[in-house]
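K.L.:
What follows is model_29.cif; its format and atoms are mmCIF, C-alpha atoms.
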```
data_start
loop_
_atom_site.label_atom_id
_atom_site.label_comp_id
_atom_site.auth_asym_id
_atom_site.auth_seq_id
_atom_site.Cartn_x
_atom_site.Cartn_y
_atom_site.Cartn_z
CA MET A 14 4.27 -25.09 -4.19
CA SER A 15 7.03 -22.60 -3.97
CA GLY A 16 9.12 -24.35 -1.35
CA THR A 17 9.67 -27.82 -2.76
CA ARG A 18 12.99 -27.11 -4.39
CA ASN A 19 14.50 -25.07 -1.61
CA PRO A 20 12.14 -24.93 1.35
CA VAL A 21 11.95 -21.77 3.41
CA THR A 22 12.93 -22.36 7.04
CA GLU A 23 11.72 -20.70 10.22
CA ALA A 24 15.24 -19.30 10.63
CA GLU A 25 15.03 -17.64 7.21
CA LEU A 26 11.71 -16.06 8.10
CA HIS A 27 13.24 -14.51 11.20
CA ALA A 28 16.27 -13.44 9.20
CA TRP A 29 13.88 -11.79 6.74
CA LEU A 30 12.20 -9.92 9.58
CA ASP A 31 15.58 -8.81 10.92
CA GLY A 32 16.98 -7.75 7.58
CA GLU A 33 19.58 -10.50 7.59
CA LEU A 34 18.21 -12.60 4.76
CA PRO A 35 20.58 -12.98 1.81
CA GLU A 36 19.23 -11.07 -1.19
CA GLU A 37 18.91 -14.21 -3.31
CA ARG A 38 16.39 -15.73 -0.91
CA LEU A 39 14.17 -12.67 -0.66
CA ALA A 40 11.83 -13.69 -3.48
CA ASP A 41 11.41 -17.24 -2.13
CA VAL A 42 10.66 -16.01 1.37
CA GLU A 43 8.17 -13.40 0.20
CA ARG A 44 6.42 -15.96 -1.99
CA HIS A 45 6.32 -18.37 0.96
CA LEU A 46 4.69 -15.69 3.09
CA ALA A 47 2.18 -14.89 0.37
CA ASP A 48 1.30 -18.59 0.10
CA HIS A 49 0.94 -19.03 3.86
CA PRO A 50 -1.15 -16.19 5.28
CA GLU A 51 -1.15 -17.73 8.77
CA ILE A 52 2.65 -17.59 8.83
CA ALA A 53 2.66 -14.10 7.39
CA GLN A 54 0.24 -13.05 10.12
CA ARG A 55 2.43 -14.56 12.83
CA PHE A 56 5.46 -12.67 11.52
CA GLU A 57 3.47 -9.46 11.38
CA ARG A 58 2.83 -9.96 15.09
CA TYR A 59 6.57 -10.44 15.63
CA ARG A 60 7.22 -7.24 13.72
CA ALA A 61 4.66 -5.43 15.85
CA GLN A 62 6.40 -6.79 18.96
CA ARG A 63 9.64 -5.30 17.80
CA ALA A 64 8.05 -1.92 17.14
CA MET A 65 6.40 -2.07 20.56
CA LEU A 66 9.74 -2.86 22.18
CA GLY A 67 11.05 0.39 20.76
CA GLN A 68 7.99 2.39 21.73
CA CYS A 69 7.87 0.94 25.22
CA PHE A 70 11.53 1.09 26.23
CA GLY A 71 13.04 3.46 23.66
CA PRO A 72 12.27 6.64 25.65
CA LEU A 73 14.35 5.31 28.56
CA ILE A 74 17.45 6.43 26.71
CA ASP A 75 16.53 10.08 27.33
CA GLN A 76 16.36 9.76 31.09
CA PRO A 77 18.72 12.05 33.02
CA LEU A 78 21.69 10.20 34.44
CA PRO A 79 22.48 10.03 38.14
CA ASP A 80 25.89 11.33 39.24
CA ARG A 81 27.24 7.88 39.79
CA LEU A 82 26.73 7.09 36.10
CA THR A 83 28.41 10.22 34.76
CA PRO A 84 32.15 10.77 34.47
CA PRO A 85 34.56 10.94 36.16
CA PHE A 86 33.96 7.34 37.11
CA THR A 87 35.80 5.79 40.00
CA ALA A 88 37.58 2.64 38.96
CA ARG A 89 38.00 -0.18 41.39
CA GLU A 90 41.56 -1.45 41.23
CA HIS A 91 40.56 -5.01 41.95
CA PRO A 92 37.45 -6.00 40.04
CA ASP A 93 35.09 -7.79 42.35
CA PRO A 94 31.59 -8.55 41.10
CA ALA A 95 29.66 -8.32 44.37
CA PRO A 96 31.49 -7.80 47.65
CA SER A 97 28.96 -7.79 50.44
CA ARG A 98 29.76 -4.33 51.80
CA TRP A 99 28.72 -2.86 48.46
CA ASN A 100 25.25 -4.25 48.63
CA VAL A 101 24.31 -2.27 51.69
CA SER A 102 25.30 1.17 50.43
CA ARG A 103 24.14 0.52 46.89
CA TRP A 104 20.60 -0.29 47.89
CA GLY A 105 20.37 2.98 49.75
CA ARG A 106 21.51 5.04 46.80
CA GLY A 107 19.32 3.08 44.44
CA ALA A 108 16.18 3.80 46.39
CA LEU A 109 16.92 7.52 46.60
CA TRP A 110 17.63 7.72 42.92
CA GLY A 111 14.45 5.85 42.10
CA THR A 112 12.41 8.59 43.76
CA ALA A 113 14.30 11.31 41.94
CA VAL A 114 13.75 9.64 38.59
CA ALA A 115 10.06 9.12 39.24
CA ALA A 116 9.69 12.84 39.92
CA SER A 117 11.65 13.95 36.86
CA LEU A 118 9.81 11.49 34.64
CA LEU A 119 6.47 12.96 35.64
CA VAL A 120 7.62 16.45 34.76
CA PHE A 121 8.93 15.30 31.41
CA VAL A 122 5.78 13.38 30.62
CA ALA A 123 3.43 16.16 31.57
CA GLY A 124 5.41 18.62 29.46
CA ALA A 125 5.57 16.37 26.45
CA THR A 126 1.95 15.26 26.31
CA SER A 127 0.43 18.65 26.96
CA GLY A 128 2.67 20.03 24.23
CA TRP A 129 1.35 17.64 21.61
CA VAL A 130 -2.25 18.01 22.66
CA LEU A 131 -2.08 21.78 22.71
CA ARG A 132 -0.63 21.98 19.23
CA ASP A 133 -3.17 19.52 17.91
CA ARG A 134 -6.03 21.60 19.25
CA MET A 135 -4.55 24.80 17.95
CA ALA A 136 -4.34 23.29 14.52
CA GLY A 137 -8.11 23.68 14.38
CA ALA A 138 -10.74 22.01 12.23
CA GLY A 139 -10.48 19.21 9.74
CA GLU A 140 -9.04 15.85 10.58
CA PRO A 141 -5.54 16.55 11.81
CA PRO A 142 -3.20 13.63 12.31
CA THR A 143 -3.50 12.68 15.94
CA ALA A 144 -1.01 13.27 18.71
CA ALA A 145 -0.46 9.52 18.72
CA PHE A 146 0.71 9.68 15.11
CA ILE A 147 3.33 12.31 15.91
CA ALA A 148 4.43 10.41 18.98
CA ASP A 149 4.85 7.26 16.84
CA ALA A 150 6.83 9.16 14.21
CA VAL A 151 9.07 10.75 16.83
CA ALA A 152 9.56 7.42 18.63
CA ALA A 153 10.52 5.72 15.36
CA HIS A 154 12.92 8.56 14.62
CA ARG A 155 14.53 8.25 18.05
CA VAL A 156 14.85 4.48 17.86
CA PHE A 157 16.16 4.15 14.32
CA SER A 158 18.11 7.32 13.59
CA VAL A 159 20.73 6.42 16.22
CA GLU A 160 21.32 2.97 14.72
CA VAL A 161 24.87 2.56 13.57
CA ARG A 162 24.78 -0.85 11.95
CA HIS A 163 21.18 -1.23 10.84
CA PRO A 164 19.59 2.17 10.39
CA VAL A 165 17.52 0.82 7.50
CA GLU A 166 16.15 -2.53 6.46
CA ILE A 167 16.75 -1.97 2.76
CA GLY A 168 19.43 0.41 1.58
CA VAL A 169 19.22 3.03 -1.13
CA GLU A 170 21.23 0.81 -3.46
CA GLU A 171 18.01 -1.16 -3.88
CA GLU A 172 15.85 1.91 -4.15
CA ALA A 173 13.40 0.52 -6.69
CA HIS A 174 12.83 -2.60 -4.63
CA LEU A 175 12.45 -0.53 -1.47
CA VAL A 176 9.87 1.82 -2.95
CA ASN A 177 7.94 -1.00 -4.64
CA TRP A 178 7.88 -3.09 -1.50
CA LEU A 179 6.77 -0.29 0.81
CA SER A 180 4.24 0.97 -1.73
CA LYS A 181 2.79 -2.51 -1.97
CA ARG A 182 2.59 -2.97 1.79
CA LEU A 183 0.97 0.41 2.33
CA GLY A 184 -1.32 -0.04 -0.65
CA LYS A 185 -0.28 3.35 -2.02
CA THR A 186 2.37 4.31 -4.51
CA MET A 187 5.00 6.43 -2.84
CA ARG A 188 7.74 8.33 -4.54
CA CYS A 189 10.17 10.07 -2.27
CA PRO A 190 13.01 12.43 -3.19
CA LYS A 191 16.40 10.78 -3.33
CA VAL A 192 18.31 13.94 -2.49
CA THR A 193 17.00 17.13 -0.97
CA ARG A 194 18.26 20.62 -1.66
CA GLY A 195 19.48 20.83 1.94
CA GLY A 196 21.92 18.01 1.16
CA TYR A 197 20.07 15.13 2.77
CA GLN A 198 20.46 11.90 0.85
CA LEU A 199 18.13 8.95 1.06
CA ILE A 200 19.96 6.04 2.74
CA GLY A 201 17.09 3.56 2.74
CA GLY A 202 13.97 2.58 4.59
CA ARG A 203 12.10 -0.01 6.53
CA LEU A 204 8.64 -1.34 7.14
CA LEU A 205 7.23 -0.80 10.63
CA ALA A 206 3.95 -1.63 12.26
CA ASP A 207 1.91 0.58 14.50
CA SER A 208 -1.51 0.16 16.02
CA VAL A 209 -3.21 0.96 12.71
CA GLY A 210 -1.13 -1.24 10.42
CA PRO A 211 1.93 -0.99 8.22
CA VAL A 212 4.10 2.11 8.24
CA ALA A 213 6.92 3.09 5.91
CA LEU A 214 10.00 4.77 7.35
CA TYR A 215 12.52 6.40 5.01
CA MET A 216 15.79 7.71 6.35
CA TYR A 217 17.98 10.50 5.02
CA GLU A 218 21.46 11.54 6.05
CA ASP A 219 23.58 14.59 5.31
CA ALA A 220 27.33 14.84 4.89
CA ALA A 221 27.75 15.44 8.61
CA GLY A 222 25.86 12.25 9.43
CA ARG A 223 22.73 14.06 10.67
CA ARG A 224 19.65 12.00 10.04
CA ILE A 225 16.05 12.80 9.35
CA THR A 226 13.20 10.32 8.96
CA LEU A 227 10.06 10.33 6.87
CA TYR A 228 7.27 8.40 8.53
CA ILE A 229 4.31 7.46 6.32
CA ARG A 230 1.09 5.78 7.36
CA PRO A 231 -1.95 5.12 5.16
CA ALA A 232 -4.80 7.43 6.17
CA PRO A 233 -7.73 6.50 3.94
CA ASN A 234 -10.86 8.66 3.93
CA THR A 235 -9.06 11.73 5.18
CA SER A 236 -8.75 15.04 3.45
CA GLY A 237 -5.48 16.84 2.96
CA SER A 238 -4.19 19.11 5.68
CA ALA A 239 -1.73 21.94 6.07
CA PHE A 240 1.73 21.36 7.48
CA ARG A 241 1.75 21.31 11.24
CA PHE A 242 4.69 21.63 13.52
CA ALA A 243 5.49 19.76 16.71
CA GLN A 244 8.49 19.66 18.98
CA ASP A 245 9.64 17.33 21.72
CA GLY A 246 12.97 18.27 23.28
CA GLY A 247 15.48 18.64 20.47
CA VAL A 248 13.35 16.66 18.03
CA ARG A 249 11.11 18.61 15.67
CA ALA A 250 8.49 17.22 13.36
CA LEU A 251 6.40 18.57 10.52
CA TYR A 252 3.35 16.52 9.71
CA TRP A 253 0.50 16.63 7.28
CA GLN A 254 -2.04 14.55 5.41
CA ASP A 255 -2.20 14.25 1.70
CA ASN A 256 -3.66 11.91 -0.84
CA GLY A 257 -4.68 9.16 1.61
CA LEU A 258 -1.43 9.27 3.57
CA ALA A 259 -0.38 10.76 6.88
CA LEU A 260 3.24 11.90 6.80
CA ALA A 261 5.78 13.25 9.25
CA VAL A 262 9.30 14.54 8.63
CA THR A 263 11.28 14.35 11.86
CA GLY A 264 14.76 15.40 12.85
CA GLU A 265 16.99 17.38 15.18
CA LEU A 266 17.09 20.39 12.92
CA ASP A 267 15.74 23.89 12.73
CA ARG A 268 12.23 24.56 11.63
CA ASP A 269 13.15 26.25 8.33
CA THR A 270 15.32 23.37 7.12
CA LEU A 271 12.61 20.97 8.17
CA SER A 272 9.99 22.95 6.21
CA GLY A 273 12.22 22.86 3.13
CA VAL A 274 12.51 19.08 3.32
CA ALA A 275 8.79 18.67 3.90
CA GLU A 276 8.02 20.83 0.85
CA GLU A 277 10.26 18.68 -1.30
CA VAL A 278 8.69 15.47 -0.03
CA TYR A 279 5.27 16.94 -0.68
CA GLY A 280 6.36 17.90 -4.18
CA ALA A 281 7.80 14.46 -4.95
CA LEU A 282 4.66 12.68 -3.79
CA ASN A 283 2.52 14.88 -6.00
CA SER A 284 4.71 14.81 -9.07
CA MET B 5 37.63 15.86 11.39
CA THR B 6 40.44 16.01 13.89
CA GLY B 7 42.85 13.92 11.87
CA ASP B 8 45.14 13.50 14.81
CA ASP B 9 44.47 9.84 15.50
CA ALA B 10 47.15 8.76 13.08
CA LEU B 11 49.53 11.59 13.91
CA SER B 12 49.51 11.67 17.65
CA GLY B 13 52.49 9.37 17.90
CA PRO B 14 53.50 5.80 17.17
CA LEU B 15 51.40 3.90 19.66
CA MET B 16 52.60 0.46 20.58
CA SER B 17 49.40 -0.31 22.42
CA PRO B 18 45.89 0.82 21.53
CA PRO B 19 44.78 4.09 23.12
CA ASP B 20 43.23 3.69 26.52
CA ILE B 21 39.51 3.60 26.95
CA ASP B 22 38.70 6.76 28.86
CA ASP B 23 35.72 7.84 30.91
CA ARG B 24 34.25 9.79 28.04
CA ALA B 25 34.33 6.83 25.66
CA ILE B 26 32.49 4.74 28.22
CA ALA B 27 30.11 7.55 29.16
CA ASP B 28 28.93 7.67 25.54
CA HIS B 29 27.56 4.16 25.98
CA VAL B 30 25.94 4.67 29.38
CA PRO B 31 22.47 5.89 28.26
CA ARG B 32 22.15 2.88 25.98
CA LEU B 33 23.46 0.43 28.59
CA ARG B 34 21.04 1.89 31.08
CA ARG B 35 18.05 1.59 28.77
CA TYR B 36 18.97 -2.01 28.05
CA ALA B 37 19.51 -2.82 31.73
CA THR B 38 16.23 -1.21 32.79
CA ALA B 39 14.23 -3.15 30.21
CA LEU B 40 16.07 -6.31 31.19
CA VAL B 41 15.77 -6.23 34.98
CA GLY B 42 12.46 -4.37 35.10
CA ASN B 43 13.29 -1.66 37.63
CA ARG B 44 15.46 1.42 37.63
CA SER B 45 17.48 1.07 40.80
CA ASP B 46 18.69 -2.46 40.04
CA ALA B 47 19.43 -1.36 36.48
CA ASP B 48 21.55 1.55 37.70
CA ASP B 49 23.42 -0.75 40.07
CA LEU B 50 24.08 -3.10 37.18
CA VAL B 51 25.32 -0.31 34.90
CA GLN B 52 27.53 1.12 37.63
CA ASP B 53 29.07 -2.30 38.24
CA CYS B 54 29.56 -2.69 34.51
CA VAL B 55 31.33 0.68 34.18
CA GLU B 56 33.57 -0.05 37.16
CA LYS B 57 34.46 -3.48 35.88
CA ALA B 58 35.17 -2.13 32.41
CA LEU B 59 37.49 0.55 33.79
CA ALA B 60 39.31 -1.94 35.97
CA ASN B 61 39.83 -4.21 32.95
CA ARG B 62 40.26 -1.52 30.33
CA HIS B 63 43.56 -2.92 29.10
CA ALA B 64 41.89 -6.18 28.15
CA LEU B 65 40.04 -4.54 25.26
CA ARG B 66 42.31 -4.66 22.22
CA ASP B 67 40.01 -3.09 19.66
CA PRO B 68 38.43 0.18 20.89
CA SER B 69 35.81 0.02 18.13
CA LYS B 70 34.36 -3.00 19.93
CA LEU B 71 33.77 -1.06 23.13
CA GLY B 72 29.97 -1.15 22.82
CA GLY B 73 29.77 -4.91 22.46
CA TRP B 74 32.40 -5.45 25.12
CA LEU B 75 30.44 -3.36 27.64
CA MET B 76 27.30 -5.28 26.74
CA THR B 77 29.09 -8.58 27.39
CA ILE B 78 30.30 -7.36 30.79
CA LEU B 79 26.82 -6.20 31.70
CA HIS B 80 25.32 -9.48 30.55
CA ASN B 81 27.75 -11.55 32.59
CA LEU B 82 27.23 -9.41 35.70
CA HIS B 83 23.49 -9.79 35.30
CA VAL B 84 23.69 -13.56 34.90
CA SER B 85 25.78 -13.92 38.05
CA SER B 86 23.56 -11.55 40.04
CA GLN B 87 20.50 -13.54 38.97
CA ARG B 88 22.04 -16.70 40.36
CA GLY B 89 22.39 -15.02 43.74
CA ARG B 90 18.93 -13.52 43.52
CA ARG B 91 17.32 -16.85 42.76
CA ARG B 92 18.90 -18.28 45.87
CA ARG B 93 17.67 -15.39 47.97
CA GLY B 94 14.28 -15.38 46.29
CA ALA B 95 14.09 -11.58 46.04
CA GLU B 96 11.28 -10.14 43.99
CA VAL B 97 11.45 -7.44 41.38
CA PRO B 98 8.85 -4.65 41.29
CA VAL B 99 8.01 -4.59 37.57
CA GLU B 100 4.63 -2.91 37.99
CA ASP B 101 6.15 0.47 38.83
CA LEU B 102 8.20 0.47 35.66
CA ALA B 103 5.25 -0.64 33.51
CA ASP B 104 3.24 2.28 34.90
CA ASP B 105 6.08 4.77 34.35
CA LEU B 106 6.57 3.60 30.78
CA ALA B 107 2.84 3.85 30.13
CA LEU B 108 2.89 7.42 31.44
CA SER B 109 5.57 8.43 29.00
CA ALA B 110 3.53 7.04 26.06
CA PRO B 111 0.84 9.05 24.31
CA PRO B 112 -2.51 8.61 26.07
CA ALA B 113 -3.98 6.42 23.32
CA ASP B 114 -1.12 3.93 23.61
CA ARG B 115 -0.84 3.75 27.39
CA GLY B 116 -2.81 0.55 27.81
CA ALA B 117 -0.87 -1.22 25.09
CA VAL B 118 2.47 -0.08 26.50
CA ARG B 119 1.55 -1.22 30.01
CA ASP B 120 0.34 -4.61 28.75
CA PHE B 121 3.46 -5.02 26.69
CA ALA B 122 5.80 -4.15 29.58
CA ARG B 123 4.00 -6.63 31.84
CA ALA B 124 4.06 -9.42 29.26
CA PHE B 125 7.70 -8.72 28.53
CA ALA B 126 8.53 -8.97 32.24
CA GLN B 127 7.03 -12.47 32.33
CA LEU B 128 9.58 -13.76 29.86
CA SER B 129 12.71 -15.52 31.04
CA ASP B 130 15.93 -13.52 31.30
CA GLU B 131 17.29 -15.35 28.29
CA HIS B 132 14.30 -14.39 26.18
CA ARG B 133 14.27 -10.77 27.30
CA THR B 134 17.97 -10.52 26.55
CA ILE B 135 17.71 -11.87 23.04
CA LEU B 136 14.69 -9.73 22.13
CA LEU B 137 16.32 -6.55 23.43
CA LEU B 138 19.66 -7.11 21.74
CA THR B 139 18.09 -7.79 18.35
CA GLY B 140 14.92 -5.70 18.47
CA MET B 141 15.97 -2.65 20.43
CA GLU B 142 19.76 -2.50 20.23
CA GLY B 143 19.67 -3.50 16.58
CA LEU B 144 22.59 -5.91 16.84
CA SER B 145 23.10 -8.41 14.05
CA TYR B 146 22.85 -12.11 14.85
CA ARG B 147 26.62 -12.30 14.73
CA GLU B 148 27.03 -9.42 17.15
CA VAL B 149 24.49 -10.95 19.53
CA ALA B 150 26.41 -14.23 19.36
CA GLU B 151 29.58 -12.33 20.31
CA VAL B 152 27.96 -10.46 23.18
CA LEU B 153 26.34 -13.57 24.64
CA GLU B 154 29.27 -15.82 23.73
CA LEU B 155 26.92 -18.31 22.08
CA PRO B 156 26.88 -20.07 18.70
CA ILE B 157 24.87 -18.15 16.12
CA GLY B 158 22.45 -21.07 15.66
CA THR B 159 21.58 -20.90 19.36
CA VAL B 160 20.95 -17.17 19.02
CA MET B 161 18.53 -17.75 16.15
CA SER B 162 16.58 -20.56 17.76
CA ARG B 163 16.37 -18.69 21.06
CA LEU B 164 15.10 -15.61 19.24
CA ALA B 165 12.41 -17.67 17.48
CA ARG B 166 11.23 -19.15 20.78
CA ALA B 167 11.28 -15.81 22.55
CA ARG B 168 9.16 -14.15 19.87
CA GLU B 169 6.63 -16.94 19.90
CA LYS B 170 6.46 -16.95 23.70
CA LEU B 171 5.85 -13.21 23.76
CA ARG B 172 3.24 -13.48 21.02
CA VAL B 173 1.28 -16.00 23.08
CA LEU B 174 1.58 -13.82 26.19
CA LEU B 175 0.25 -10.83 24.27
CA ASP B 176 -2.29 -12.39 21.92
CA GLY B 177 -3.26 -15.59 23.71
CA GLY B 178 -3.77 -18.76 21.71
CA THR B 179 -1.56 -21.77 21.50
CA GLN B 180 2.14 -21.65 21.15
CA GLN B 181 3.67 -22.69 17.89
CA VAL B 182 6.23 -25.31 18.84
CA VAL B 183 9.60 -24.25 17.58
CA ARG B 184 11.81 -27.30 17.78
CA ARG B 185 14.14 -27.07 14.88
CA ILE B 186 14.46 -23.88 12.98
CA LYS B 187 16.86 -24.95 10.27
#
```
Using structure tokens, write down the structure from this file.
P.N.:
Amino acid sequence: MSGTRNPVTEAELHAWLDGELPEERLADVERHLADHPEIAQRFERYRAQRAMLGQCFGPLIDQPLPDRLTPPFTAREHPDPAPSRWNVSRWGRGALWGTAVAASLLVFVAGATSGWVLRDRMAGAGEPPTAAFIADAVAAHRVFSVEVRHPVEIGVEEEAHLVNWLSKRLGKTMRCPKVTRGGYQLIGGRLLADSVGPVALYMYEDAAGRRITLYIRPAPNTSGSAFRFAQDGGVRALYWQDNGLALAVTGELDRDTLSGVAEEVYGALNS
Amino acid sequence: MTGDDALSGPLMSPPDIDDRAIADHVPRLRRYATALVGNRSDADDLVQDCVEKALANRHALRDPSKLGGWLMTILHNLHVSSQRGRRRRGAEVPVEDLADDLALSAPPADRGAVRDFARAFAQLSDEHRTILLLTGMEGLSYREVAEVLELPIGTVMSRLARAREKLRVLLDGGTQQVVRRIK
């Protein structure tokens, strides 16, 4: 047994999931998971929960703000958590705002979904990656690219480990460019889960701190496809299928720069 | 690069937190509050209270780089005290509307899963929702969560383990793995 000398604890398994496990325990924890498929399965569910948390609530960050939550704010001189006169007026404003948000949300949703669907249909025959795939890639980009402390699970300083690990989990060898001509440098990556299974997310950053993500999902039994373009608000994505993988490059950048990055990724994967 | 932070004068006290600095955190606070309380109007009330309280106490924050965590702590404490009052009054929270809204903003194929997830998440205790959101969505480290919640780090880790298992059972069914000791 692997754990007799230095048993792996539940806390370490969670730390592993959250990217807080000390490097020297990584091998022990991964061996423990390999030896105990039922535990590995339970932690995969936890990982899926976390991805779902982002997918479910992540988009809330893009909601338009009501006036009372935009500056200039009015400071109360004497902080008072809940004086009773506030409750009355606040409920009124809350209810009104709720209606306004519901209306704006519907408009946003209708615009976004019809956009994806339309582009998917226009892409024509073959087996194009689905709208759901793009939505997942864009959601992952939105959730993780704004992270300050933990944008990636494994940093580029452990590039070999990162690529081996993600390749193993996706069952496909993946080489990705470390630096792109546009000046984006690989900063690391993480394993995600979506409804189909494991997903690899690589993140790049340029000198100005702009981030792009590369979202890769296994897509067995599919043929290659041309690059396709999608846009949701300021976020643009180029996606394609190649060599048993579905890929999306996503970022808040112009279409030409995005195409350049996608070409390089395509080249690296086929080198 | 502005480069003027070191040159703008010998400051005896740290620069004041201004509206803009706080406003930068509002979308994130609001997302967190909405997921936590399960409806938009209560979440906006909570964020507004948090902003007002932060401004009124702005001189208490010594290190401006900790603004995000500090705001989160204020919001957390306001929520905990409002929940005490709510429990006494027995008010109910309309979580269904939010679950439906969230499902609508998901791609059609994922709508059912998003709605089920939002409903299951709403069944968790406040403590469990808090810990899952701070780690899983806000991406805080265990240490940062411990600071925000003013708890020992061991409590953070065991609460997180229980919350994940509770949510797993709500979503997948089956029996709950008993998490007694995690060390």
K.L.:
Check the smallest atom-to-atom distance from each of B:Gly177, B:Gly140, B:Gly73, B:Gly158 to A:Met65 using only C-alpha atoms, then report the winner.
P.N.:
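Of all the options, B:Gly140 lies closest to A:Met65.
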K.L.:
Tell me which protein, DNA and RNA residues are within 12 Å of A:Tyr217, counting all atoms listed in the file, leaving out same-chain ones fewer than 4 positions away, and put them as a PyMOL selection string.
P.N.:
chain A and resi 154+157-158+164-165+168-169+189-193+195-202+221-228+262-264+274+278
K.L.:
If you apply the PyMOL selection byres ((chain B and resi 129) around 12) to this file, what residues do you get, as a VMD selection string?
P.N.:
chain B and resid 40 to 42 84 87 124 to 128 130 to 136 163 166 to 168 170 to 171
K.L.:
Give the answer as one residue: which of A:Glu160, A:Trp178, A:Gln62, A:Gly67 has the shortest atom-to-atom distance to A:Leu39, using all atoms listed in the file?
P.N.:
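Checking each of A:Glu160, A:Trp178, A:Gln62, A:Gly67 against A:Leu39, counting all atoms listed in the file, the winner is A:Trp178.
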K.L.:
For a quick check of understanding, using all atoms listed in the file, which of A:Arg203, A:His27, A:Arg44, A:Arg58 has the smallest distance to A:Leu175?
P.N.:
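Once distances to A:Leu175 are computed over all atoms listed in the file, the minimum belongs to A:Arg203.
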K.L.:
For each of A:Val21, A:Val151, A:Leu260, A:Ala206, take the minimum atom-to-atom distance to A:Asp48, counting only C-alpha atoms, then give the residue where this is smallest.
P.N.:
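For A:Asp48, the nearest of the given residues is A:Val21.
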K.L.:
Select all residues near (11.5, 5.4, 29.7) (cut-off 8 Å, inclusive, file coordinates), counting all atoms listed in the file, and output them as an NGL selection string.
P.N.:
(:A and (69-76)) or (:B and (35 or 105-106 or 109))
K.L.:
Let me make sure I understand: among A:Val159, A:Ala53, A:Ala250, A:Leu271, which one has the smallest atom-to-atom distance to chain B if we use all atoms listed in the file?
P.N.:
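Of A:Val159, A:Ala53, A:Ala250, A:Leu271, the one nearest chain B is A:Val159, counting all atoms listed in the file.
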K.L.:
List as a PDB file with C-alpha atoms, in the frame of the given file the protein and nucleic acid residues near B:Asp53, meaning an atom at most 9 Å away when all atoms listed in the file are counted, but skip any in the same chain fewer than 3 places from it.
P.N.:
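Resulting contents of result10.pdb:
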```pdb
ATOM      1  CA  PRO A  94      31.590  -8.550  41.100  1.00  0.00           C
ATOM      2  CA  ALA A  95      29.660  -8.320  44.370  1.00  0.00           C
TER       3      ALA A  95
ATOM      4  CA  ASP B  48      21.550   1.550  37.700  1.00  0.00           C
ATOM      5  CA  ASP B  49      23.420  -0.750  40.070  1.00  0.00           C
ATOM      6  CA  LEU B  50      24.080  -3.100  37.180  1.00  0.00           C
ATOM      7  CA  GLU B  56      33.570  -0.050  37.160  1.00  0.00           C
ATOM      8  CA  LYS B  57      34.460  -3.480  35.880  1.00  0.00           C
ATOM      9  CA  ALA B  58      35.170  -2.130  32.410  1.00  0.00           C
ATOM     10  CA  LEU B  79      26.820  -6.200  31.700  1.00  0.00           C
ATOM     11  CA  LEU B  82      27.230  -9.410  35.700  1.00  0.00           C
TER      12      LEU B  82
END
```
K.L.:
Ranking A:Val248, A:Ala47, A:Ala24, A:Val212 by minimum distance to chain B and counting only C-alpha atoms, which one comes first?
P.N.:
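Of A:Val248, A:Ala47, A:Ala24, A:Val212, the one nearest chain B, counting only C-alpha atoms, is A:Ala24.
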K.L.:
List the residues matched by the PyMOL selection byres ((chain B and resi 145) around 10) in the displayed structure as a list of chain:residue names, ordered by chain and then by residue number.
P.N.:
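Applied to this file, the PyMOL selection byres ((chain B and resi 145) around 10) selects A:Ala28, A:Asp31, A:Gly32, A:Glu33, A:Arg162, A:His163, B:Leu138, B:Thr139, B:Gly140, B:Glu142, B:Gly143, B:Leu144, B:Tyr146, B:Arg147, B:Glu148, B:Val149, B:Ala150, B:Glu151.
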